[in-house]
>>> print(open('entry12.txt').read())   # compact mmCIF, C-alpha atoms and all ligand atoms
# COMPACT_ATOMS: atom_id res chain seq x y z
CA MET A 8 -77.87 -40.33 -56.15
CA THR A 9 -74.78 -38.60 -57.53
CA GLN A 10 -75.57 -35.45 -59.53
CA LYS A 11 -78.83 -33.63 -58.83
CA LYS A 12 -80.25 -32.30 -62.06
CA HIS A 13 -83.44 -30.96 -60.53
CA LYS A 14 -83.27 -29.01 -57.29
CA LYS A 15 -86.73 -27.70 -56.49
CA ILE A 16 -89.58 -30.19 -56.53
CA LEU A 17 -93.24 -29.26 -56.17
CA ILE A 18 -95.13 -32.14 -54.59
CA THR A 19 -98.90 -32.08 -54.37
CA GLY A 20 -100.38 -34.07 -51.48
CA THR A 21 -97.49 -33.58 -49.00
CA ALA A 22 -99.77 -34.12 -46.00
CA GLY A 23 -100.66 -37.49 -47.52
CA PHE A 24 -98.88 -40.77 -46.99
CA ILE A 25 -96.71 -41.02 -50.10
CA GLY A 26 -96.23 -37.26 -50.51
CA TYR A 27 -94.97 -36.90 -46.95
CA HIS A 28 -92.40 -39.69 -47.31
CA LEU A 29 -91.20 -38.44 -50.69
CA ALA A 30 -90.83 -34.88 -49.35
CA GLU A 31 -88.98 -36.08 -46.25
CA SER A 32 -86.54 -38.12 -48.34
CA LEU A 33 -85.82 -35.27 -50.79
CA LEU A 34 -85.38 -32.69 -48.02
CA LYS A 35 -82.92 -34.99 -46.28
CA ASP A 36 -80.80 -34.98 -49.41
CA GLY A 37 -80.78 -31.20 -49.80
CA TYR A 38 -83.57 -30.60 -52.30
CA SER A 39 -86.05 -27.75 -51.86
CA VAL A 40 -89.60 -28.99 -51.64
CA VAL A 41 -92.72 -26.96 -52.32
CA GLY A 42 -95.69 -28.72 -50.76
CA VAL A 43 -99.35 -28.36 -51.60
CA ASP A 44 -102.29 -30.01 -49.81
CA ASN A 45 -105.81 -29.07 -48.75
CA PHE A 46 -106.13 -31.56 -45.88
CA THR A 47 -109.29 -33.32 -47.08
CA PRO A 48 -111.19 -35.03 -44.23
CA TYR A 49 -111.46 -38.43 -46.02
CA TYR A 50 -109.49 -39.88 -43.11
CA ASP A 51 -108.66 -38.27 -39.77
CA VAL A 52 -106.75 -35.05 -40.45
CA ARG A 53 -104.72 -35.57 -37.28
CA MET A 54 -102.66 -38.08 -39.28
CA LYS A 55 -102.08 -35.43 -41.97
CA GLU A 56 -101.18 -32.82 -39.34
CA ALA A 57 -98.67 -35.19 -37.76
CA ARG A 58 -96.90 -35.73 -41.08
CA HIS A 59 -97.08 -32.04 -41.94
CA ALA A 60 -95.59 -30.98 -38.59
CA MET A 61 -92.50 -33.11 -39.32
CA LEU A 62 -92.01 -31.51 -42.74
CA GLN A 63 -92.48 -28.00 -41.37
CA LYS A 64 -89.33 -28.40 -39.30
CA ASN A 65 -87.23 -28.17 -42.46
CA LYS A 66 -86.45 -24.66 -43.73
CA ASN A 67 -86.30 -25.92 -47.31
CA PHE A 68 -89.97 -26.91 -47.16
CA HIS A 69 -92.43 -24.25 -48.37
CA PHE A 70 -96.07 -25.09 -47.98
CA TYR A 71 -99.33 -23.81 -49.51
CA LYS A 72 -102.71 -24.96 -48.29
CA ILE A 73 -104.63 -24.93 -51.56
CA SER A 74 -106.71 -27.29 -53.69
CA ILE A 75 -105.23 -28.37 -57.01
CA ALA A 76 -108.80 -28.23 -58.33
CA GLU A 77 -108.49 -24.41 -58.17
CA TYR A 78 -106.38 -23.38 -61.12
CA ALA A 79 -105.74 -19.76 -60.07
CA ALA A 80 -104.44 -20.82 -56.63
CA LEU A 81 -102.14 -23.43 -58.15
CA GLU A 82 -100.84 -21.00 -60.76
CA LYS A 83 -99.96 -18.47 -58.06
CA VAL A 84 -97.79 -21.06 -56.30
CA VAL A 85 -96.06 -22.18 -59.49
CA LYS A 86 -95.39 -18.60 -60.63
CA LYS A 87 -93.83 -17.76 -57.29
CA GLU A 88 -91.83 -20.93 -56.71
CA LYS A 89 -90.79 -21.92 -60.25
CA PRO A 90 -90.17 -25.62 -59.52
CA ASP A 91 -88.01 -27.81 -61.77
CA VAL A 92 -90.35 -30.80 -61.54
CA ILE A 93 -93.92 -31.38 -60.35
CA VAL A 94 -94.86 -34.66 -58.68
CA ASN A 95 -98.65 -34.84 -58.52
CA LEU A 96 -99.73 -37.13 -55.71
CA ALA A 97 -102.75 -35.19 -54.41
CA ALA A 98 -105.91 -37.13 -55.10
CA GLN A 99 -109.05 -38.49 -53.63
CA ALA A 100 -107.79 -42.02 -52.99
CA GLY A 101 -109.75 -45.17 -52.18
CA VAL A 102 -111.80 -47.49 -54.33
CA ARG A 103 -114.69 -48.02 -51.91
CA PHE A 104 -115.32 -44.35 -51.19
CA SER A 105 -115.72 -43.73 -54.93
CA LEU A 106 -118.98 -45.71 -54.85
CA LYS A 107 -120.52 -43.13 -52.50
CA ASN A 108 -118.77 -39.95 -53.51
CA PRO A 109 -117.78 -40.08 -57.18
CA TRP A 110 -117.71 -36.25 -57.52
CA SER A 111 -114.62 -35.77 -55.37
CA TYR A 112 -112.71 -37.95 -57.88
CA ALA A 113 -113.74 -35.68 -60.74
CA ASP A 114 -112.52 -32.61 -58.80
CA SER A 115 -109.27 -33.71 -57.19
CA ASN A 116 -108.15 -36.40 -59.60
CA TYR A 117 -109.36 -35.35 -63.00
CA LEU A 118 -109.68 -31.56 -62.83
CA GLY A 119 -106.75 -31.37 -60.39
CA THR A 120 -104.45 -33.27 -62.76
CA LEU A 121 -105.63 -31.22 -65.74
CA ASN A 122 -104.71 -28.08 -63.78
CA VAL A 123 -101.27 -29.48 -62.96
CA PHE A 124 -100.50 -30.18 -66.62
CA GLU A 125 -101.94 -26.89 -67.79
CA VAL A 126 -99.91 -24.87 -65.29
CA ALA A 127 -96.80 -26.85 -66.26
CA GLN A 128 -97.18 -26.11 -69.96
CA LYS A 129 -97.94 -22.42 -69.33
CA HIS A 130 -94.98 -21.89 -67.02
CA ASN A 131 -92.48 -24.02 -68.84
CA ILE A 132 -92.10 -26.79 -66.31
CA LYS A 133 -90.63 -29.60 -68.32
CA ARG A 134 -91.36 -32.64 -66.19
CA VAL A 135 -94.56 -33.80 -64.48
CA LEU A 136 -94.74 -37.14 -62.66
CA PHE A 137 -98.13 -38.29 -61.41
CA ALA A 138 -99.68 -41.04 -59.34
CA SER A 139 -101.61 -43.60 -61.26
CA SER A 140 -102.66 -46.92 -59.76
CA SER A 141 -102.66 -50.68 -60.24
CA SER A 142 -106.45 -50.32 -60.36
CA VAL A 143 -106.18 -49.21 -64.03
CA TYR A 144 -105.74 -52.92 -64.87
CA GLY A 145 -109.37 -53.52 -63.86
CA ASP A 146 -110.17 -57.19 -63.48
CA ASN A 147 -107.60 -58.34 -66.06
CA LYS A 148 -107.03 -62.05 -65.56
CA LYS A 149 -103.45 -62.22 -66.83
CA MET A 150 -101.00 -61.95 -63.92
CA PRO A 151 -98.68 -60.33 -63.17
CA PHE A 152 -99.90 -57.02 -64.62
CA SER A 153 -97.55 -55.55 -67.17
CA GLU A 154 -97.54 -52.03 -68.66
CA THR A 155 -98.33 -53.53 -72.08
CA ASP A 156 -101.61 -55.05 -70.81
CA ALA A 157 -104.96 -53.45 -71.67
CA THR A 158 -106.29 -50.84 -69.24
CA ASP A 159 -109.63 -50.13 -70.90
CA HIS A 160 -111.91 -51.71 -68.30
CA PRO A 161 -111.73 -49.75 -65.02
CA MET A 162 -113.90 -51.27 -62.27
CA SER A 163 -114.52 -48.08 -60.28
CA VAL A 164 -114.73 -44.31 -60.69
CA TYR A 165 -111.39 -44.14 -58.86
CA ALA A 166 -109.76 -46.43 -61.44
CA ALA A 167 -111.41 -44.49 -64.27
CA SER A 168 -110.01 -41.22 -62.87
CA LYS A 169 -106.50 -42.69 -62.85
CA LYS A 170 -106.85 -44.00 -66.39
CA GLY A 171 -108.09 -40.52 -67.31
CA ASN A 172 -104.93 -39.02 -65.79
CA GLU A 173 -102.78 -41.23 -67.99
CA THR A 174 -104.60 -40.19 -71.16
CA LEU A 175 -104.40 -36.50 -70.17
CA ALA A 176 -100.66 -36.89 -69.62
CA TYR A 177 -100.27 -38.34 -73.08
CA ALA A 178 -102.15 -35.41 -74.61
CA TYR A 179 -99.94 -32.87 -72.80
CA HIS A 180 -96.83 -34.75 -73.83
CA SER A 181 -97.85 -34.84 -77.47
CA LEU A 182 -99.05 -31.22 -77.54
CA TYR A 183 -96.28 -29.54 -75.56
CA GLY A 184 -93.51 -32.11 -75.17
CA ILE A 185 -93.91 -32.32 -71.39
CA GLU A 186 -91.79 -35.16 -70.03
CA THR A 187 -94.17 -37.26 -68.01
CA ALA A 188 -94.60 -40.61 -66.30
CA GLY A 189 -97.59 -42.23 -64.64
CA MET A 190 -96.57 -44.22 -61.59
CA ARG A 191 -98.84 -47.21 -61.10
CA PHE A 192 -98.53 -47.86 -57.36
CA PHE A 193 -99.51 -51.22 -55.92
CA THR A 194 -100.93 -51.15 -52.33
CA VAL A 195 -98.31 -49.07 -50.58
CA TYR A 196 -97.72 -49.55 -46.83
CA GLY A 197 -95.42 -48.30 -44.09
CA ARG A 198 -95.08 -45.87 -41.15
CA TYR A 199 -97.60 -43.02 -41.10
CA GLY A 200 -99.61 -45.07 -43.62
CA ARG A 201 -103.20 -44.43 -44.56
CA PRO A 202 -105.74 -45.23 -41.83
CA ASP A 203 -108.24 -46.41 -44.48
CA LEU A 204 -105.97 -49.19 -45.77
CA ALA A 205 -105.84 -52.81 -44.63
CA LEU A 206 -102.55 -52.83 -42.68
CA PHE A 207 -103.55 -49.85 -40.55
CA LYS A 208 -107.10 -51.05 -39.92
CA PHE A 209 -106.04 -54.61 -39.11
CA THR A 210 -103.23 -53.56 -36.77
CA LYS A 211 -105.46 -51.04 -35.00
CA ASN A 212 -108.36 -53.44 -34.51
CA ILE A 213 -106.26 -56.44 -33.50
CA ILE A 214 -104.51 -54.34 -30.84
CA ALA A 215 -107.88 -52.94 -29.67
CA GLY A 216 -109.39 -56.46 -29.57
CA LYS A 217 -111.98 -55.57 -32.23
CA THR A 218 -113.24 -57.72 -35.13
CA ILE A 219 -111.66 -57.11 -38.53
CA ASP A 220 -113.63 -57.26 -41.80
CA VAL A 221 -111.80 -59.49 -44.28
CA TYR A 222 -113.10 -59.09 -47.83
CA ASN A 223 -113.28 -61.88 -50.41
CA HIS A 224 -112.83 -64.31 -47.49
CA GLY A 225 -109.14 -63.33 -47.30
CA LYS A 226 -108.40 -64.53 -50.82
CA MET A 227 -107.43 -61.10 -52.16
CA LYS A 228 -103.88 -61.12 -53.50
CA ARG A 229 -101.73 -58.01 -53.55
CA SER A 230 -98.17 -56.94 -54.41
CA PHE A 231 -97.79 -54.95 -51.18
CA THR A 232 -95.12 -52.29 -51.68
CA HIS A 233 -93.10 -50.73 -48.91
CA ILE A 234 -93.10 -46.92 -48.90
CA ASN A 235 -89.27 -46.75 -48.94
CA ASP A 236 -89.22 -48.72 -52.20
CA VAL A 237 -91.89 -46.45 -53.70
CA VAL A 238 -89.89 -43.37 -52.74
CA ARG A 239 -86.78 -44.81 -54.40
CA GLY A 240 -88.80 -45.43 -57.58
CA VAL A 241 -90.23 -41.89 -57.69
CA ARG A 242 -86.81 -40.38 -57.03
CA ALA A 243 -85.30 -42.37 -59.89
CA LEU A 244 -87.95 -40.82 -62.15
CA ILE A 245 -87.25 -37.30 -60.88
CA GLU A 246 -83.59 -37.63 -61.87
CA LYS A 247 -83.97 -39.85 -64.95
CA GLU A 248 -81.92 -38.36 -67.77
CA LYS A 249 -84.36 -38.94 -70.63
CA LEU A 250 -88.12 -39.11 -70.31
CA THR A 251 -90.87 -38.85 -72.90
CA TYR A 252 -94.25 -40.35 -71.97
CA GLU A 253 -94.19 -43.55 -69.92
CA VAL A 254 -96.16 -45.51 -67.37
CA TYR A 255 -94.36 -47.62 -64.77
CA ASN A 256 -95.54 -50.30 -62.36
CA LEU A 257 -94.02 -49.53 -58.96
CA GLY A 258 -94.93 -52.63 -56.99
CA GLY A 259 -93.41 -55.04 -54.51
CA ASP A 260 -91.80 -58.32 -55.50
CA GLU A 261 -93.72 -60.44 -52.99
CA ALA A 262 -97.42 -61.03 -53.63
CA THR A 263 -99.34 -62.14 -50.56
CA SER A 264 -102.91 -63.20 -49.85
CA LEU A 265 -104.84 -61.16 -47.32
CA LEU A 266 -104.87 -64.13 -44.91
CA GLY A 267 -101.07 -64.50 -45.20
CA PHE A 268 -100.77 -60.79 -44.56
CA ILE A 269 -102.98 -61.01 -41.44
CA LYS A 270 -100.87 -63.90 -40.11
CA MET A 271 -97.73 -61.73 -40.33
CA ILE A 272 -99.45 -58.91 -38.42
CA GLU A 273 -100.76 -61.30 -35.75
CA LYS A 274 -97.31 -62.76 -35.28
CA ARG A 275 -95.65 -59.38 -34.73
CA ILE A 276 -98.38 -58.13 -32.37
CA GLY A 277 -98.48 -61.49 -30.60
CA LYS A 278 -102.27 -61.66 -30.71
CA LYS A 279 -104.83 -63.48 -32.88
CA ALA A 280 -107.28 -61.52 -35.04
CA VAL A 281 -111.03 -61.97 -34.71
CA MET A 282 -112.12 -62.13 -38.37
CA ASN A 283 -115.42 -61.36 -40.05
CA LEU A 284 -115.07 -63.05 -43.46
CA MET A 285 -116.97 -61.05 -46.10
CA PRO A 286 -117.66 -61.30 -49.85
CA ILE A 287 -115.72 -59.09 -52.26
CA GLN A 288 -117.00 -55.49 -52.46
CA ALA A 289 -118.21 -53.85 -55.65
CA GLY A 290 -115.36 -52.07 -57.42
CA ASP A 291 -112.64 -54.16 -55.77
CA VAL A 292 -110.49 -56.57 -57.76
CA PRO A 293 -109.42 -59.94 -56.32
CA ALA A 294 -105.74 -59.69 -57.31
CA THR A 295 -103.26 -56.96 -58.28
CA ILE A 296 -99.80 -58.34 -58.86
CA ALA A 297 -97.03 -56.25 -60.39
CA ASP A 298 -94.61 -57.07 -63.15
CA THR A 299 -91.84 -54.56 -62.49
CA THR A 300 -89.47 -55.58 -65.29
CA LYS A 301 -89.81 -52.21 -67.02
CA ALA A 302 -89.06 -50.14 -63.88
CA LYS A 303 -86.11 -52.41 -63.10
CA ARG A 304 -84.73 -51.96 -66.60
CA ASP A 305 -85.27 -48.19 -66.99
CA LEU A 306 -85.03 -46.92 -63.42
CA GLY A 307 -82.84 -49.46 -61.66
CA TYR A 308 -85.89 -50.02 -59.44
CA GLN A 309 -85.43 -52.90 -57.01
CA PRO A 310 -87.75 -53.44 -54.04
CA LYS A 311 -85.55 -53.96 -50.99
CA VAL A 312 -87.91 -54.19 -48.03
CA SER A 313 -89.35 -57.69 -47.47
CA MET A 314 -92.94 -58.03 -46.27
CA LYS A 315 -91.68 -59.55 -43.02
CA GLU A 316 -89.42 -56.58 -42.30
CA GLY A 317 -91.92 -53.98 -43.50
CA ILE A 318 -94.81 -55.32 -41.44
CA ALA A 319 -92.64 -55.70 -38.35
CA ASP A 320 -91.48 -52.10 -38.74
CA PHE A 321 -95.07 -50.86 -39.15
CA VAL A 322 -96.40 -52.80 -36.15
CA ASP A 323 -93.52 -51.59 -33.96
CA TRP A 324 -94.18 -48.00 -35.05
CA PHE A 325 -97.91 -48.42 -34.35
CA LEU A 326 -97.29 -49.81 -30.86
CA GLU A 327 -94.92 -46.95 -30.09
CA HIS A 328 -97.56 -44.38 -31.16
CA LYS A 329 -100.68 -46.27 -30.12
CA ALA A 330 -101.83 -43.65 -27.60
CA TRP A 331 -102.91 -41.29 -30.41
CA LEU A 332 -103.29 -43.79 -33.28
CA LEU A 333 -105.97 -45.79 -31.48
CA LYS A 334 -107.97 -42.57 -31.05
CA LEU A 335 -108.12 -41.68 -34.76
CA LYS A 336 -111.62 -41.48 -36.23
CA GLU A 337 -112.77 -44.23 -38.59
CA PRO A 338 -112.12 -43.22 -42.24
CA MET A 339 -115.08 -42.17 -44.44
CA GLN A 340 -115.81 -45.32 -46.43
N1 LIG A 401 -101.27 -45.70 -51.07
C1 LIG A 401 -101.52 -46.55 -52.05
O1 LIG A 401 -101.53 -47.77 -51.83
C2 LIG A 401 -101.78 -46.07 -53.46
C3 LIG A 401 -101.96 -47.03 -54.47
C4 LIG A 401 -102.20 -46.61 -55.78
C5 LIG A 401 -102.23 -45.25 -56.06
N2 LIG A 401 -102.08 -44.34 -55.06
C6 LIG A 401 -102.14 -42.91 -55.43
O2 LIG A 401 -100.98 -42.26 -54.90
C7 LIG A 401 -101.30 -40.91 -54.54
C8 LIG A 401 -100.93 -40.67 -53.08
O3 LIG A 401 -101.67 -41.59 -52.29
P1 LIG A 401 -101.59 -41.64 -50.71
O4 LIG A 401 -101.70 -43.04 -50.32
O5 LIG A 401 -100.47 -40.81 -50.24
O6 LIG A 401 -102.98 -40.92 -50.36
P2 LIG A 401 -103.33 -39.83 -49.24
O7 LIG A 401 -104.82 -39.73 -49.24
O8 LIG A 401 -102.65 -40.17 -47.96
O9 LIG A 401 -102.69 -38.50 -49.83
C9 LIG A 401 -103.30 -37.68 -50.75
C10 LIG A 401 -103.23 -36.24 -50.23
O10 LIG A 401 -103.78 -35.39 -51.22
C11 LIG A 401 -104.54 -34.39 -50.58
N3 LIG A 401 -105.55 -33.89 -51.53
C12 LIG A 401 -106.66 -34.54 -51.96
N4 LIG A 401 -107.33 -33.76 -52.83
C13 LIG A 401 -106.63 -32.60 -52.95
C14 LIG A 401 -106.80 -31.42 -53.68
N5 LIG A 401 -107.85 -31.25 -54.48
N6 LIG A 401 -105.87 -30.44 -53.56
C15 LIG A 401 -104.79 -30.58 -52.74
N7 LIG A 401 -104.59 -31.69 -52.01
C16 LIG A 401 -105.49 -32.68 -52.11
C17 LIG A 401 -105.14 -35.05 -49.35
O11 LIG A 401 -105.47 -34.13 -48.33
C18 LIG A 401 -104.02 -36.02 -48.95
O12 LIG A 401 -103.21 -35.44 -47.94
C19 LIG A 401 -102.78 -40.75 -54.84
O13 LIG A 401 -102.90 -40.17 -56.12
C20 LIG A 401 -103.32 -42.16 -54.86
O14 LIG A 401 -104.46 -42.28 -55.65
C21 LIG A 401 -101.84 -44.71 -53.78
>>> encode(input="entry12.txt", output="structure tokens")
Amino acid sequence: MTQKKHKKILITGTAGFIGYHLAESLLKDGYSVVGVDNFTPYYDVRMKEARHAMLQKNKNFHFYKISIAEYAALEKVVKKEKPDVIVNLAAQAGVRFSLKNPWSYADSNYLGTLNVFEVAQKHNIKRVLFASSSSVYGDNKKMPFSETDATDHPMSVYAASKKGNETLAYAYHSLYGIETAGMRFFTVYGRYGRPDLALFKFTKNIIAGKTIDVYNHGKMKRSFTHINDVVRGVRALIEKEKLTYEVYNLGGDEATSLLGFIKMIEKRIGKKAVMNLMPIQAGDVPATIADTTKAKRDLGYQPKVSMKEGIADFVDWFLEHKAWLLKLKEPMQ
């Protein structure tokens, strides 16, 4: 990155997987980062504390433990810090959890995002980037998913909350001219990744000699996306010269079946998985494959980390940290 147009970035969800990596990368390059997170207990908070402790070492990181669902608390932070850009990554994530606890999606994802846009328009923050998801494509049959495809049939409350975020963003753009982009992430993985997602659960259980649940008999197909590629995509949006209202697929170039994915993990660990083949779960979609032509054209986005490299790096990291990682509580699902 040559010239930095924006210097102070407010990131919501910095104790989370993507927020942590984005903050780390920006701090390394001399940005100031204002972090916000409320450490929800959806998965073991020790993972969030570990990420947070690394960010806290940087003097250009200012943190506020607040919920974005509380407007007054968020406004206080924005008034004090006056960021150039807001990147809203805080959310209740997870498709399966939304079957049991739909309310947390209304609070953190819908109300939280509304608060972010409202505070931006009130305090003259011109640019708001926010996490959407490949799940907005519902069970569309046409693959790969392109930004021009319909997104009117969400299959879960989680997906509906993300679609809702995109429509809210459009309203704020058209009312107040806020420059905004929805980033449709496709199954992101990497170091310090989410303990509720497949790579973490599979690696943990294979190492511990426990059975792994494999949904849709392993026939799920995903554009797994390495965190370093996601961070590059978000950073390109932070510094993009012109932005109106857009949505972008930020996905990997290699789509893999769950069984292919498990084989790569087994190979790196050097141990076979014991699999419990299960039917697909309600709310899940069998395939999410990204067409990233638009991000490549507008953002110069180009996934660089191959699945083989990315999985090897994750497994090596896990083995190095297994003393505490194996002790993490099971996520709330
Ligand atoms: N990881 C993926 O594969 C993926 C895929 C598609 C979309 N996304 C989206 O990307 C964003 C980041 O995901 P992630 O994987 O880093 O998830 P994550 O759960 O690791 O991070 C989210 C963080 O937000 C915080 N948070 C939740 N509600 C909050 C609230 N009300 N106020 C303040 N903080 C709150 C949590 O404590 C957590 O630290 C989310 O919006 C998620 O829906 C992620």
>>> closest_residue(input="entry12.txt", among="A:Tyr50, A:Ser140, A:Tyr165, A:Val123", to="Ile75 of chain A", atoms="all atoms listed in the file")
A:Val123
>>> residues_near_ligand(input="entry12.txt", ligand="ligand LIG 401 (chain A)", cutoff="8 Å", atoms="only C-alpha atoms and all ligand atoms", output="compact mmCIF listing (two decimals) with C-alpha atoms, in the frame of the given file")
# COMPACT_ATOMS: atom_id res chain seq x y z
CA THR A 19 -98.90 -32.08 -54.37
CA GLY A 20 -100.38 -34.07 -51.48
CA THR A 21 -97.49 -33.58 -49.00
CA ALA A 22 -99.77 -34.12 -46.00
CA GLY A 23 -100.66 -37.49 -47.52
CA PHE A 24 -98.88 -40.77 -46.99
CA ILE A 25 -96.71 -41.02 -50.10
CA GLY A 26 -96.23 -37.26 -50.51
CA TYR A 27 -94.97 -36.90 -46.95
CA VAL A 43 -99.35 -28.36 -51.60
CA ASP A 44 -102.29 -30.01 -49.81
CA ASN A 45 -105.81 -29.07 -48.75
CA PHE A 46 -106.13 -31.56 -45.88
CA THR A 47 -109.29 -33.32 -47.08
CA PRO A 48 -111.19 -35.03 -44.23
CA TYR A 49 -111.46 -38.43 -46.02
CA TYR A 50 -109.49 -39.88 -43.11
CA LYS A 55 -102.08 -35.43 -41.97
CA LYS A 72 -102.71 -24.96 -48.29
CA ILE A 73 -104.63 -24.93 -51.56
CA SER A 74 -106.71 -27.29 -53.69
CA ILE A 75 -105.23 -28.37 -57.01
CA ALA A 76 -108.80 -28.23 -58.33
CA GLU A 77 -108.49 -24.41 -58.17
CA ASN A 95 -98.65 -34.84 -58.52
CA LEU A 96 -99.73 -37.13 -55.71
CA ALA A 97 -102.75 -35.19 -54.41
CA ALA A 98 -105.91 -37.13 -55.10
CA GLN A 99 -109.05 -38.49 -53.63
CA ALA A 100 -107.79 -42.02 -52.99
CA GLY A 101 -109.75 -45.17 -52.18
CA SER A 111 -114.62 -35.77 -55.37
CA ASP A 114 -112.52 -32.61 -58.80
CA SER A 115 -109.27 -33.71 -57.19
CA ASN A 116 -108.15 -36.40 -59.60
CA GLY A 119 -106.75 -31.37 -60.39
CA PHE A 137 -98.13 -38.29 -61.41
CA ALA A 138 -99.68 -41.04 -59.34
CA SER A 139 -101.61 -43.60 -61.26
CA SER A 140 -102.66 -46.92 -59.76
CA SER A 141 -102.66 -50.68 -60.24
CA SER A 142 -106.45 -50.32 -60.36
CA TYR A 165 -111.39 -44.14 -58.86
CA LYS A 169 -106.50 -42.69 -62.85
CA MET A 190 -96.57 -44.22 -61.59
CA ARG A 191 -98.84 -47.21 -61.10
CA PHE A 192 -98.53 -47.86 -57.36
CA PHE A 193 -99.51 -51.22 -55.92
CA THR A 194 -100.93 -51.15 -52.33
CA VAL A 195 -98.31 -49.07 -50.58
CA TYR A 196 -97.72 -49.55 -46.83
CA GLY A 200 -99.61 -45.07 -43.62
CA ARG A 201 -103.20 -44.43 -44.56
CA LEU A 204 -105.97 -49.19 -45.77
CA THR A 232 -95.12 -52.29 -51.68
>>> atom_distance(input="entry12.txt", atom1="atom CA of His69 of chain A", atom2="atom CA of Val41 of chain A")
4.8 Å
>>> closest_residue(input="entry12.txt", among="A:Ala60, A:Leu34, A:Ile276, A:Ala188", to="Phe325 of chain A", atoms="all atoms listed in the file")
A:Ile276
>>> atom_distance(input="entry12.txt", atom1="atom CA of Glu273 of chain A", atom2="atom CA of Leu206 of chain A")
11.1 Å
>>> atom_distance(input="entry12.txt", atom1="atom CA of His233 of chain A", atom2="atom CA of Gly197 of chain A")
5.9 Å
>>> residues_near_point(input="entry12.txt", point="(-87.7, -29.6, -56.5)", cutoff="8 Å", atoms="only C-alpha atoms", output="number ranges by chain")
A: 13-17, 38-41, 90-93
>>> residues_around(input="entry12.txt", residues="Val164 of chain A", least_positions_apart="4", cutoff="8 Å", atoms="all atoms listed in the file", output="short mmCIF file (atom, residue, chain, number, x, y, z; two decimals) with C-alpha atoms, in the frame of the given file")
data_model
loop_
_atom_site.label_atom_id
_atom_site.label_comp_id
_atom_site.auth_asym_id
_atom_site.auth_seq_id
_atom_site.Cartn_x
_atom_site.Cartn_y
_atom_site.Cartn_z
CA VAL A 102 -111.80 -47.49 -54.33
CA SER A 105 -115.72 -43.73 -54.93
CA LEU A 106 -118.98 -45.71 -54.85
CA PRO A 109 -117.78 -40.08 -57.18
CA TYR A 112 -112.71 -37.95 -57.88
CA SER A 168 -110.01 -41.22 -62.87
#
>>> residues_around(input="entry12.txt", residues="Asp156 of chain A", least_positions_apart="5", cutoff="10 Å", atoms="all atoms listed in the file", output="PDB file with C-alpha atoms, in the coordinates of the input")
ATOM      1  CA  TYR A 144    -105.740 -52.920 -64.870  1.00  0.00           C
ATOM      2  CA  ASN A 147    -107.600 -58.340 -66.060  1.00  0.00           C
ATOM      3  CA  LYS A 149    -103.450 -62.220 -66.830  1.00  0.00           C
ATOM      4  CA  MET A 150    -101.000 -61.950 -63.920  1.00  0.00           C
ATOM      5  CA  PRO A 151     -98.680 -60.330 -63.170  1.00  0.00           C
TER       6      PRO A 151
END
>>> residues_around(input="entry12.txt", residues="Ala157 of chain A", least_positions_apart="2", cutoff="10 Å", atoms="all atoms listed in the file", output="PyMOL selection string")
chain A and resi 143-145+147+152-155+159-160
>>> residues_near_point(input="entry12.txt", point="(-83.8, -41.0, -59.8)", cutoff="10 Å", atoms="all atoms listed in the file", output="PyMOL selection string")
chain A and resi 8-12+238-248+306-308
>>> closest_residue(input="entry12.txt", among="A:Glu31, A:Glu253, A:Asp320, A:Asp36", to="Thr174 of chain A", atoms="only C-alpha atoms")
A:Glu253
>>> residues_around(input="entry12.txt", residues="segment 290-303 of chain A", least_positions_apart="5", cutoff="6 Å", atoms="all atoms listed in the file", output="ChimeraX atom specification")
/A:146,151-153,162-163,227-230,255-256,258,308
>>> residues_around(input="entry12.txt", residues="Leu182 of chain A", least_positions_apart="4", cutoff="12 Å", atoms="all atoms listed in the file", output="PyMOL selection string")
chain A and resi 124-125+128+175-178+186+252
>>> write_last_selection(input="entry12.txt", atoms="C-alpha atoms", output="PDB file, in the coordinates of the input")
ATOM      1  CA  PHE A 124    -100.500 -30.180 -66.620  1.00  0.00           C
ATOM      2  CA  GLU A 125    -101.940 -26.890 -67.790  1.00  0.00           C
ATOM      3  CA  GLN A 128     -97.180 -26.110 -69.960  1.00  0.00           C
ATOM      4  CA  LEU A 175    -104.400 -36.500 -70.170  1.00  0.00           C
ATOM      5  CA  ALA A 176    -100.660 -36.890 -69.620  1.00  0.00           C
ATOM      6  CA  TYR A 177    -100.270 -38.340 -73.080  1.00  0.00           C
ATOM      7  CA  ALA A 178    -102.150 -35.410 -74.610  1.00  0.00           C
ATOM      8  CA  GLU A 186     -91.790 -35.160 -70.030  1.00  0.00           C
ATOM      9  CA  TYR A 252     -94.250 -40.350 -71.970  1.00  0.00           C
TER      10      TYR A 252
END
>>> closest_residue(input="entry12.txt", among="A:Thr218, A:Gly225, A:Met271, A:Arg58", to="Glu316 of chain A", atoms="all atoms listed in the file")
A:Met271
>>> closest_residue(input="entry12.txt", among="A:Phe104, A:Phe231, A:Trp331, A:Tyr117", to="Pro310 of chain A", atoms="only C-alpha atoms")
A:Phe231
>>> closest_residue(input="entry12.txt", among="A:Val254, A:Val85, A:Ile214, A:Asp305", to="Ile272 of chain A", atoms="only C-alpha atoms")
A:Ile214
